[in-house]
Amino acid sequence: MNDLDQLKQLLFGAEKQTLDQISDRVERREVRTADVAEVLSEAIDRSYREDSELVESLTQPVGECLQRAFRDDPETYGDALYPVMGPAIRKSIMHALRNFSQQINEAVEHSVSPQGLKWRWQASRAGIPFGEYVLQKTMRYRVEQAYLISRENGLLVGHVHHEASKIKDSDAVSAMFTAIQDFVKESFSPDRTGRLESADMGDFTLWAVHGPHALLVCVIRGVPPKSLRADLSAVLERIHFRYGEAIRQYKGDTATVPEVEVELERCLRFEAREESKKSGGAVPIWMVVLLLLLLAAAAFFGYRSWAYSQQLAKFDDALRAAPGIHVTAVERDGPDITVRGLRDPLAASIDDVAASLDIPMARVSADMQPFQSLQPEIIAARAAELFSKPDTVQLNVVETTLVVNGTAPSAWKDQLQAGFKTLAGVNALDLSGLTEEVIAEPMSVPMPDTRQLLLDRLTVLNQRRFFFDKGVQFVAGDEDALAQYVVQVRELQADAEKASFSVSVTLTGSTDGIGDTARNAVVAEQRAVAALERLAAAGVTARLSALPGGPTVTGDRREDFSRRFVQVDLELQELPATR
Amino acid sequence: MTRLTSKVCIVGDFAVGKTSVVERFVSNHFSGKYLSTVGVKIDTKEIEQAAAGVSHKLVIWDVAGSDSFGDREFAYLRGASGYIFVADGTRALTIGAVETIQSQIGEKFGAAPSVLLVNKRDLVAEWEVSDERFEALSASFNGAFKTSAKTGDDVEDAFARLAQLIVENELRGK
């Protein structure tokens with residue numbers, strides 16, 4: 001050390017030592033590495049937080065690093081990523097499937113295309129859910145089942161399938177496929193290297209992918225693309241990678257191949273069918289026009305049917321509301337109607353009711369049995385007819401009382417009082433509203449006109465009709481009414497005789513238009529004779545009219561109970577003086 | 001309970017009753033009608049082996065009858081865990097065929113559990129296998145049974161014995 005160095009040592013000893021240390025750290029690689037390592041994480045952290053340059057700088061080298069690492073050691077990285085990729089792939093597939101299924105459902109559920117209707121019909125015939133059928137039709141293919149089979153012994157290593165697939169004994173299927181495989185190989189491959197790789201069975205295709213130790217057999221619905229075989233091979237390779245040795249030594253203990261089904265499930269993929277250009281989704285215009293025409297026709301006929309139904313309902317209501325008509329059934333045969341029930345001869349005719357509602361009479365036929373109605377309106381009408389009610393009188397029936405209002409001759413009043421009890425359903429007579437007609441008589445005529453009185457009584461009894469059911473069978477009640485009537489006639493005849501008058505009784509029968517005209521005339525006459533016999537039995541002399549069968553009925557040939565009667569005509573005649 | 005599936009092959013001469021024995025074991029049914037098996041017929045049956053704690057499914061390969069096997073038949077036997085040899089007690093010659101097949105299998109695939117069924121024991125009047133011969137055969141196999149597919153005698157026992165042997169063999173392998 002010379003003087004200068006000594007001087008430097010004295011003046012800058014401490015600083016020189018520091019400089020040497022710094023120089024040493026800069027020059028020595030391992031020291032520099034240790035220094036950088038010490039601050040590296042902190043430096044990266046600060047740089048990342050301050051700006052994005054670090055990310056940009058690292059993107060490319062890190063990417064290249066990963067690429068090289070995966071290329072050099074794919075199995076290690078594959079295994080490392082497997083737990084992440086499996087669920088991610090399944091989730092992605094399920095998401096895609098759900099969207100796809102939803103699209104199909106929306107497209108088909110709301111479709112009125114012939115194809116949609118046809119599928120719906122075919123699905124119902126096949127007895128499978130519509131959605132499942134659409135899925136089958138809209139898929140180009142779907143792997144329904146996958147069997148992993150030991151090549152050594154044909155035992156089933158693993159099996160997965162879609163939920164909807166029908167599964168038989170998978171162990172037997174596996175063994176049988178192996179047997180067939182062996183049979184084909186021994187029979188058709190001279191060098192025994194041939195392999196059964198596919199088989200077609202109706203809607204299904206069987207694909208076999210061969211590995212060193214295992215056979216992957218997939219049952220595929222539809223027509224799979226060739227690319228599927230590569231996918232299946234990849235699955236089988238992966239299975240061999242994970243379970244190759246276990247499968248080689250497989251003796252039927254499934255515990256030696258844990259979770260092999262997870263790998264097999266990768267086979268269960270499917271793809272949507274491509275829409276053909278022809279179908280295009282559009283409905284042909286002629287079909288639209290035809291559909292519209294059919295709809296219009298259906299609407300027209302539907303409206304007509306509905307309107308007619310409404311009309312018939314009103315008809316039904318009107319019949320049920322009509323006094324003296326009791327409907328038991330209204331039968332429809334297309335547009336024709338048959339009304340069955342009971343009808344009082346004094347009630348409105350069925351035809352009149354139909355006509356009031358504009359229902360064609362030709363459409364209506366009636367099968368009504370006659371009866372005597374006790375409805376107030378009908379009793380009042382019967383009283384009016386029986387007692388030849390003057391126009392100045394109103395008759396009403398309240399409960400069982402015949403209420404009379406208006407003005408009437410006293411003879412009519414007397415007649416009514418004498419005979420009202422013959423009315424069925426009437427027990428009392430209320431004459432409080434009746435005013436007797438006062439006929440101003442000249443004082444010079446003190447005695448009442450006997451002839452007029454007799455005429456008044458005769459008027460009440462004249463032209464009385466008694467109704468028949470069929471043949472000479474009286475309607476219920478009319479035979480009794482005739483008996484009572486006969487008493488009144490006999491009394492009238494007796495009173496008339498006292499005043500030198502006679503009352504002649506003439507009977508005329510009548511029928512409706514059903515049946516032969518000649519036969520009807522005979523029946524009408526028989527009715528007149530039947531009444532004649534009853535009059536004779538009560539001591540009343542009567543005679544048949546010149547035309548006892550009544551007027552010949554022509555034209556209307558329908559059943560009409562109101563025309564099945566015998567009419568009694570009375571005539572007052574003065575007896576010739578005998579002295 | 002451990003689940004185990006094993007391939008079992010049933011072999012023997014023509015018309016010794018192999019298919020009938022399998023049908024009796026699997027379905028407990030017997031048909032007197034003879035239908036020759038073509039190729040191979042597969043059946044399965046699951047049996048509980050409580051002592052070993054194993055639920056054991058036997059996949060039974062009923063191989064078409066033959067007095068000596070060719071390549072095709074041997075292909076069916078590959079990987080079998082056990083064998084059931086069937087001979088006809090009313091035809092002593094069929095025992096010779098069984099011995100031949102047993103020898104061929106041993107050479108090709110090595111030793112495996114096996115039992116011998118001398119079938120048709122219900123046909124007593126026509127029985128041709130002496131007791132001495134039967135005892136000697138028992139030693140050659142892992143067990144021998146005089147069975148009748150028609151009555152079901154000893155069929156179940158024979159299969160149970162083979163299943164037991166297979167499980168023991170598997171446990172030894174582990």
# chains A, B, ... in the order shown; residues from 1 in each chain; ligands from 1
$ interface_residues --of "chain A" --to "chain B" --cutoff "6 Å" --atoms "only C-alpha atoms" --output "list in words"
Glu152, Asn153, Glu186, Gly252 and Asp253 of chain A
$ write_last_selection --atoms "C-alpha atoms" --output "compact mmCIF listing (two decimals), in the first residue's frame"
# COMPACT_ATOMS: atom_id res chain seq x y z
CA GLU A 152 -61.16 -59.47 -21.46
CA ASN A 153 -64.29 -61.04 -20.04
CA GLU A 186 -64.54 -65.60 -35.35
CA GLY A 252 -66.51 -57.56 -11.61
CA ASP A 253 -65.75 -55.49 -8.53
$ residues_around --residues "His29 in chain B" --least-positions-apart "4" --cutoff "9 Å" --atoms "only C-alpha atoms" --output "list in words"
Ser20, Glu23, Arg24, Phe25, Ala149, Lys150 and Gly152 of chain B
$ write_last_selection --atoms "N, CA and C atoms" --output "PDB file, in the first residue's frame"
ATOM      1  N   SER B  20     -81.067 -76.453 -19.515  1.00  0.00           N
ATOM      2  CA  SER B  20     -82.097 -76.769 -18.520  1.00  0.00           C
ATOM      3  C   SER B  20     -81.605 -76.476 -17.111  1.00  0.00           C
ATOM      4  N   GLU B  23     -81.743 -72.767 -16.670  1.00  0.00           N
ATOM      5  CA  GLU B  23     -83.136 -72.332 -16.544  1.00  0.00           C
ATOM      6  C   GLU B  23     -83.686 -72.667 -15.153  1.00  0.00           C
ATOM      7  N   ARG B  24     -83.290 -73.863 -14.662  1.00  0.00           N
ATOM      8  CA  ARG B  24     -83.727 -74.248 -13.319  1.00  0.00           C
ATOM      9  C   ARG B  24     -83.145 -73.285 -12.287  1.00  0.00           C
ATOM     10  N   PHE B  25     -81.875 -72.921 -12.449  1.00  0.00           N
ATOM     11  CA  PHE B  25     -81.211 -72.053 -11.485  1.00  0.00           C
ATOM     12  C   PHE B  25     -81.757 -70.621 -11.566  1.00  0.00           C
ATOM     13  N   ALA B 149     -81.992 -81.305 -13.420  1.00  0.00           N
ATOM     14  CA  ALA B 149     -82.653 -80.040 -13.804  1.00  0.00           C
ATOM     15  C   ALA B 149     -84.158 -80.205 -13.727  1.00  0.00           C
ATOM     16  N   LYS B 150     -84.598 -81.452 -13.906  1.00  0.00           N
ATOM     17  CA  LYS B 150     -86.042 -81.704 -13.900  1.00  0.00           C
ATOM     18  C   LYS B 150     -86.627 -81.511 -12.498  1.00  0.00           C
ATOM     19  N   GLY B 152     -84.722 -80.302  -9.890  1.00  0.00           N
ATOM     20  CA  GLY B 152     -84.023 -79.197  -9.235  1.00  0.00           C
ATOM     21  C   GLY B 152     -83.011 -79.657  -8.208  1.00  0.00           C
TER      22      GLY B 152
END
$ residues_around --residues "Gly419 in chain A" --least-positions-apart "6" --cutoff "10 Å" --atoms "only C-alpha atoms" --output "list of chain:residue names"
A:Ala383, A:Leu386, A:Phe387, A:Lys413, A:Gln484, A:Tyr485, A:Gln488
$ write_last_selection --atoms "C-alpha atoms" --output "JSON list (two decimals), in the first residue's frame"
[["chain", "number", "residue", "atom", "x", "y", "z"],
["A", 383, "ALA", "CA", -167.33, -21.71, -17.23],
["A", 386, "LEU", "CA", -170.53, -23.90, -20.35],
["A", 387, "PHE", "CA", -172.77, -20.98, -19.36],
["A", 413, "LYS", "CA", -177.35, -15.26, -13.18],
["A", 484, "GLN", "CA", -175.22, -33.41, -14.96],
["A", 485, "TYR", "CA", -176.01, -31.64, -18.21],
["A", 488, "GLN", "CA", -180.50, -29.67, -16.66]]
$ select_by_dssp --residues "range 5-162 of chain B" --states "helix (DSSP H, G or I)" --output "ChimeraX atom specification"
/B:18-27,50-52,71-77,93-109,124-126,131-140,155-162
$ write_last_selection --atoms "C-alpha atoms" --output "compact mmCIF listing (two decimals), in the first residue's frame"
# COMPACT_ATOMS: atom_id res chain seq x y z
CA LYS B 18 -76.83 -77.29 -19.74
CA THR B 19 -79.62 -74.92 -20.73
CA SER B 20 -82.10 -76.77 -18.52
CA VAL B 21 -79.74 -76.50 -15.55
CA VAL B 22 -79.39 -72.74 -16.12
CA GLU B 23 -83.14 -72.33 -16.54
CA ARG B 24 -83.73 -74.25 -13.32
CA PHE B 25 -81.21 -72.05 -11.49
CA VAL B 26 -82.32 -68.70 -12.94
CA SER B 27 -86.08 -69.19 -13.31
CA ALA B 50 -73.95 -63.29 3.40
CA ALA B 51 -70.96 -65.04 4.96
CA ALA B 52 -68.56 -63.24 2.61
CA ASP B 71 -61.71 -71.16 -31.55
CA ARG B 72 -65.20 -69.73 -31.49
CA GLU B 73 -66.15 -71.57 -28.32
CA PHE B 74 -62.91 -70.60 -26.65
CA ALA B 75 -63.58 -66.97 -27.54
CA TYR B 76 -66.75 -67.22 -25.48
CA LEU B 77 -64.85 -68.60 -22.50
CA LEU B 93 -69.33 -90.93 -22.73
CA THR B 94 -70.27 -87.33 -21.98
CA ILE B 95 -67.98 -87.42 -18.95
CA GLY B 96 -65.09 -88.09 -21.25
CA ALA B 97 -66.08 -85.04 -23.30
CA VAL B 98 -66.14 -82.91 -20.16
CA GLU B 99 -62.67 -84.08 -19.18
CA THR B 100 -61.39 -83.22 -22.65
CA ILE B 101 -62.88 -79.72 -22.51
CA GLN B 102 -61.56 -79.18 -18.99
CA SER B 103 -58.10 -80.10 -20.17
CA GLN B 104 -58.32 -77.74 -23.16
CA ILE B 105 -59.50 -74.84 -21.01
CA GLY B 106 -56.74 -75.45 -18.49
CA GLU B 107 -54.15 -75.30 -21.23
CA LYS B 108 -55.61 -72.17 -22.82
CA PHE B 109 -56.69 -70.08 -19.87
CA VAL B 124 -82.20 -93.71 -12.08
CA ALA B 125 -82.85 -96.73 -14.27
CA GLU B 126 -80.57 -95.43 -17.01
CA ASP B 131 -70.04 -94.10 -7.38
CA GLU B 132 -66.32 -94.82 -7.68
CA ARG B 133 -66.12 -92.92 -10.95
CA PHE B 134 -68.07 -90.05 -9.43
CA GLU B 135 -65.70 -89.85 -6.44
CA ALA B 136 -62.73 -89.80 -8.76
CA LEU B 137 -64.30 -86.96 -10.75
CA SER B 138 -64.91 -84.95 -7.59
CA ALA B 139 -61.19 -84.84 -7.03
CA SER B 140 -60.55 -83.54 -10.57
CA VAL B 155 -78.65 -77.43 -8.94
CA GLU B 156 -78.77 -74.47 -6.58
CA ASP B 157 -76.07 -75.99 -4.38
CA ALA B 158 -73.77 -76.45 -7.35
CA PHE B 159 -74.06 -72.81 -8.42
CA ALA B 160 -73.71 -71.64 -4.81
CA ARG B 161 -70.54 -73.70 -4.46
CA LEU B 162 -69.05 -72.19 -7.61
$ residues_around --residues "Asn119 in chain B" --least-positions-apart "4" --cutoff "10 Å" --atoms "only C-alpha atoms" --output "number ranges by chain"
B: 16-18, 20-21, 86-91, 123, 127, 145-150, 153-155
